[in-house]
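Okay, structure first, notes after.
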Amino acid sequence: MKDGTMHDDDLATVMRALGHPVRLTILRTLARQQQRCCCTDVMAALPLAQSTVSQHIKVLLDAGLIERRPEGTRNCYTLRADRLEALGSACAGLLGGLSAELVSGASRKITEPA
């Protein structure tokens, strides 16, 4: 994603990372904080063990949706706005393209002779 465009393989990776409700909650928690958020802050929003939250955070890190910044002995996390914008554009393009194909396919079926 050097040019800001998210390609299909990258989009699939990000979609897999979003495929768990806990990870969606983590992203919402980070968005509400609007600055850095430590693992303990995220744990306060979830009834899960620290190790479980850390595993989910790792998936989000690997997908590039969040970034980690060490602060003393703690790691703090923030959303990556560039990746979220690219994801929004990629999803809009994908869904718009699929919708257009459905509409054009339906109109072809109506106008094509039987």
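For the structure tokens, the naming scheme is as follows: chains receive sequential letters (A, B, ...) according to their order of presentation, residues are indexed from 1 within each chain, and ligands are indexed from 1 in presentation order.
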
*Test item: residues at most 8 Å from stretch 87-91 of chain A, only C-alpha atoms, excluding those fewer than 6 positions along its chain, as number ranges by chain*: A: 5-7, 11, 14

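Non-sequential neighbours of stretch 32-42 of chain A (distance at most 10 Å, separation of 3 or more positions within a chain, only C-alpha atoms) are Thr25, Ile26, Leu27, Arg28, Thr29, Ala45, Leu46, Pro47, Leu48, Gln50, Ser51, Val53, Ser54, Ile57, Glu67, Arg68, Arg69, Pro70, Glu71, Arg74, Asn75, Cys76, Tyr77, Thr78 and Leu79 of chain A.
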
Could you dump the residues just selected with C-alpha atoms as a compact mmCIF listing (two decimals), in the first residue's frame?
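File part03.txt, as written:
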```txt
# COMPACT_ATOMS: atom_id res chain seq x y z
CA THR A 25 -14.47 -3.36 20.41
CA ILE A 26 -10.75 -2.64 20.72
CA LEU A 27 -10.88 -0.36 17.67
CA ARG A 28 -13.90 1.47 19.06
CA THR A 29 -12.16 1.87 22.42
CA ALA A 45 -13.64 -2.16 28.23
CA LEU A 46 -13.51 -5.95 27.95
CA PRO A 47 -14.11 -8.80 30.40
CA LEU A 48 -11.04 -10.66 29.17
CA GLN A 50 -4.65 -9.47 29.58
CA SER A 51 -3.13 -12.26 27.49
CA VAL A 53 -6.49 -8.80 24.83
CA SER A 54 -2.81 -8.79 23.88
CA ILE A 57 -4.07 -6.35 19.73
CA GLU A 67 0.41 1.18 15.94
CA ARG A 68 2.36 0.68 19.14
CA ARG A 69 4.42 3.28 20.95
CA PRO A 70 6.46 2.33 24.00
CA GLU A 71 6.01 4.70 26.94
CA ARG A 74 4.09 0.15 28.88
CA ASN A 75 3.04 -0.08 25.28
CA CYS A 76 0.40 2.35 24.12
CA TYR A 77 -1.70 1.99 20.98
CA THR A 78 -3.31 4.37 18.53
CA LEU A 79 -5.42 3.93 15.43
```

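Interatomic distance, atom CA of A:Leu18 to atom CA of A:Val59: 9.1 Å.
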
*If we count only C-alpha atoms, what is near A:Arg80 at a cut-off of 8 Å, once residues fewer than 5 positions away on the same chain are taken out, given as a ChimeraX atom specification?*
/A:64-67

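What separates atom CA of A:Ala31 from atom CA of A:Leu94 is a distance of 24.4 Å.
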